[in-house]
Structure formats: structure tokens, C-alpha cells
Amino acid sequence: MSSEDPEKAKSKAIEALTSRAWLVEQQARELVDVAVGGAVEQALDTITGATFLPTTMTGVRAERLYYICRAAKRWLSQREVEVLFRVTPTTAHSIMATAQAVYEAELNVYLTEQMRSRVLARPIGTATDPKVRLRCSDASTYNTLMNEIHRLGLDNAFDEGPGRYEVTFSENVTVQGNSRPVFDVLKIPKPTGWPKR
């Protein structure tokens with residue numbers, strides 16, 4: 001444990017995030033502030049019994065991630081998690097998956113917001129049978145997309161693949177008996193150059 005001046009330690013943390021998580025200085029400073037704030041809130045909730053006590057290191061880190069995301073009002077990227085917890089990509093993925101599973105209801109607004117901004121849509125199919133392929137960049141985004149598909153009752157409206165973290169939809173899907181564009185239903189942006197019909 002370091003007995004270093006807190007301001008000096010904070011500067012080192014900001015430098016770590018700018019150099020290893022590729023954040024600009026202001027973003028790194030904000031993330032350090034919310035990480036510290038989240039840690040304080042977690043400690044207070046633990047002392048007062050307002051939270052359960054995780055029994056594994058991944059569980060402890062997932063809970064910390066939950067508090068940090070809540071303070072940041074967003075879902076963190078995998079790279080940010082890797083640097084904040086000083087872990088490998090595989091461990092970061094495990095921490096994120098655990099947080100997503102355990103705190104899904106509380107984090108859903110951040111997860112869904114992130115998913116909508118990160119899903120890449122590409123037109124495929126034909127003029128008579130237009131389709132759209134949605135590709136997610138990572139497992140967390142894909143899991144959130146699949147949860148949203150299930151929540152909206154679209155389980156039978158898509159095909160998985162062909163690539164990892166990809167799904168294919170018809171241009172329009174039926175929701176509560178009405179045919180609507182898949183982009184409107186999932187609230188994701190249309191790809192550039194999407195044909196107007």
C-alpha cells in the first residue's frame with residue numbers, strides 16, 4: 001500500500017488511463033473521480049449492510065464496477081475495466097459479464113445506451129427481401145442486444161450469425177401485430193446509405 005500523497009496518486013492514475021486506456025486527460029480525470037466515488041459508496045454500503053458481500057474476487061470487482069458505472073452514469077469499455085482493475089482482457093470480460101448478470105436491472109439503461117451506440121448495421125438481402133445484419137464489437141454489447149431482442153419479443157424474428165456477435169433481421173419486424181422497421185424497434189441508427197423505400 002502506498003503512503004503517497006493522494007493528489008500525486010490521482011495524477012498517476014490519470015496518466016495510466018490516458019496512456020493505457022487511450023482516454024483524453026479530461027475523460028481520464030472524470031473516470032478517476034467516479035472510480036474513487038464509487039469505491040467510497042461501495043465501502044459505505046458494505047459497512048451499513050446495504051449491499052451483499054461477494055464471495056469471489058470477480059464478484060468483488062463486479063460489484064465495484066457496478067458502483068463505478070452508477071457514478072459515471074454509463075457502462076465502461078472493456079479496455080477501461082482492464083486498466084482500472086489491472087487485469088487481462090479475459091478477466092475484464094469476466095468482471096463485466098458478472099456485473100451484467102448480477103446488476104442487470106440497475107445497469108440496464110447504461111447497457112442499452114451503449115449497445116445502441118455500438119451496434120453496426122449493414123444492409124444485406126435483395127430489393128425484394130431487404131435484410132439488415134447487426135454486428136456487435138464485443139460480448140457485452142451482444143448480450144445486451146440479445147436481452148433487448150428478448151424483451152421486445154423478437155426471439156423468432158432473427159437469425160444468428162454468420163459471424164461472431166452478429167444477427168440478421170428482415171428490414172421490418174412484427175411487434176404486437178404491427179410491422180415496423182427494425183431500426184425503430186431497436187432504436188439503433190440506420191447504416192449510411194440505407195435505401196429509402
# chains A, B, ... in the order shown; residues from 1 in each chain; ligands from 1
>>> residues_around(residues="region 80-83 of chain A", least_positions_apart="4", cutoff="8 Å", atoms="only C-alpha atoms", output="list in words")
Ala16, Leu17, Arg20, Ala21, Leu65, Leu76, Val87, Thr88, Pro89, Thr91, Ala92 and Met96 of chain A
>>> residues_around(residues="Lys73 (chain A)", least_positions_apart="3", cutoff="8 Å", atoms="only C-alpha atoms", output="list in words")
Cys69, Arg70 and Tyr110 of chain A
>>> atom_distance(atom1="CA of Arg116 (chain A)", atom2="CA of Asn178 (chain A)")
22.2 Å
>>> atom_distance(atom1="CA of Phe85 (chain A)", atom2="CA of Pro54 (chain A)")
16.4 Å
>>> atom_distance(atom1="CA of Val185 (chain A)", atom2="CA of His93 (chain A)")
28.2 Å
>>> residues_around(residues="Ala121 (chain A)", least_positions_apart="3", cutoff="12 Å", atoms="only C-alpha atoms", output="ChimeraX atom specification")
/A:115-118,124,131-137,166-169,171,182-183,186-194
>>> select_by_dssp(residues="region 128-173 of chain A", states="alpha helix (DSSP H)", output="list in words")
Ala139, Ser140, Thr141, Tyr142, Asn143, Thr144, Leu145, Met146, Asn147, Glu148, Ile149, His150 and Arg151 of chain A
>>> write_last_selection(atoms="N, CA and C atoms", output="JSON list (two decimals), in the first residue's frame")
[["chain", "number", "residue", "atom", "x", "y", "z"],
["A", 139, "ALA", "N", -18.71, -9.04, -26.51],
["A", 139, "ALA", "CA", -19.71, -9.90, -25.89],
["A", 139, "ALA", "C", -20.71, -9.12, -25.05],
["A", 140, "SER", "N", -20.26, -8.10, -24.35],
["A", 140, "SER", "CA", -21.15, -7.31, -23.51],
["A", 140, "SER", "C", -22.24, -6.65, -24.35],
["A", 141, "THR", "N", -21.84, -6.03, -25.45],
["A", 141, "THR", "CA", -22.81, -5.38, -26.34],
["A", 141, "THR", "C", -23.76, -6.42, -26.94],
["A", 142, "TYR", "N", -23.22, -7.56, -27.34],
["A", 142, "TYR", "CA", -24.04, -8.63, -27.91],
["A", 142, "TYR", "C", -25.05, -9.14, -26.89],
["A", 143, "ASN", "N", -24.61, -9.36, -25.66],
["A", 143, "ASN", "CA", -25.53, -9.84, -24.61],
["A", 143, "ASN", "C", -26.66, -8.85, -24.38],
["A", 144, "THR", "N", -26.33, -7.57, -24.39],
["A", 144, "THR", "CA", -27.37, -6.54, -24.20],
["A", 144, "THR", "C", -28.33, -6.53, -25.38],
["A", 145, "LEU", "N", -27.80, -6.66, -26.61],
["A", 145, "LEU", "CA", -28.66, -6.73, -27.78],
["A", 145, "LEU", "C", -29.60, -7.92, -27.68],
["A", 146, "MET", "N", -29.08, -9.08, -27.29],
["A", 146, "MET", "CA", -29.91, -10.27, -27.16],
["A", 146, "MET", "C", -30.97, -10.10, -26.08],
["A", 147, "ASN", "N", -30.63, -9.46, -24.98],
["A", 147, "ASN", "CA", -31.61, -9.18, -23.92],
["A", 147, "ASN", "C", -32.72, -8.25, -24.43],
["A", 148, "GLU", "N", -32.34, -7.25, -25.21],
["A", 148, "GLU", "CA", -33.32, -6.32, -25.76],
["A", 148, "GLU", "C", -34.22, -7.02, -26.78],
["A", 149, "ILE", "N", -33.64, -7.88, -27.60],
["A", 149, "ILE", "CA", -34.42, -8.67, -28.56],
["A", 149, "ILE", "C", -35.44, -9.52, -27.82],
["A", 150, "HIS", "N", -35.02, -10.16, -26.75],
["A", 150, "HIS", "CA", -35.93, -10.99, -25.95],
["A", 150, "HIS", "C", -37.01, -10.13, -25.29],
["A", 151, "ARG", "N", -36.61, -9.00, -24.70],
["A", 151, "ARG", "CA", -37.58, -8.12, -24.03],
["A", 151, "ARG", "C", -38.66, -7.64, -24.98]]
>>> select_by_dssp(residues="region 21-149 of chain A", states="strand (DSSP E)", output="list in words")
Leu120, Ala121, Arg122, Pro123, Ile124, Gly125, Pro130, Lys131, Val132, Arg133, Leu134 and Arg135 of chain A
>>> residues_around(residues="region 175-177 of chain A", least_positions_apart="4", cutoff="9 Å", atoms="only C-alpha atoms", output="ChimeraX atom specification")
/A:152-154,185
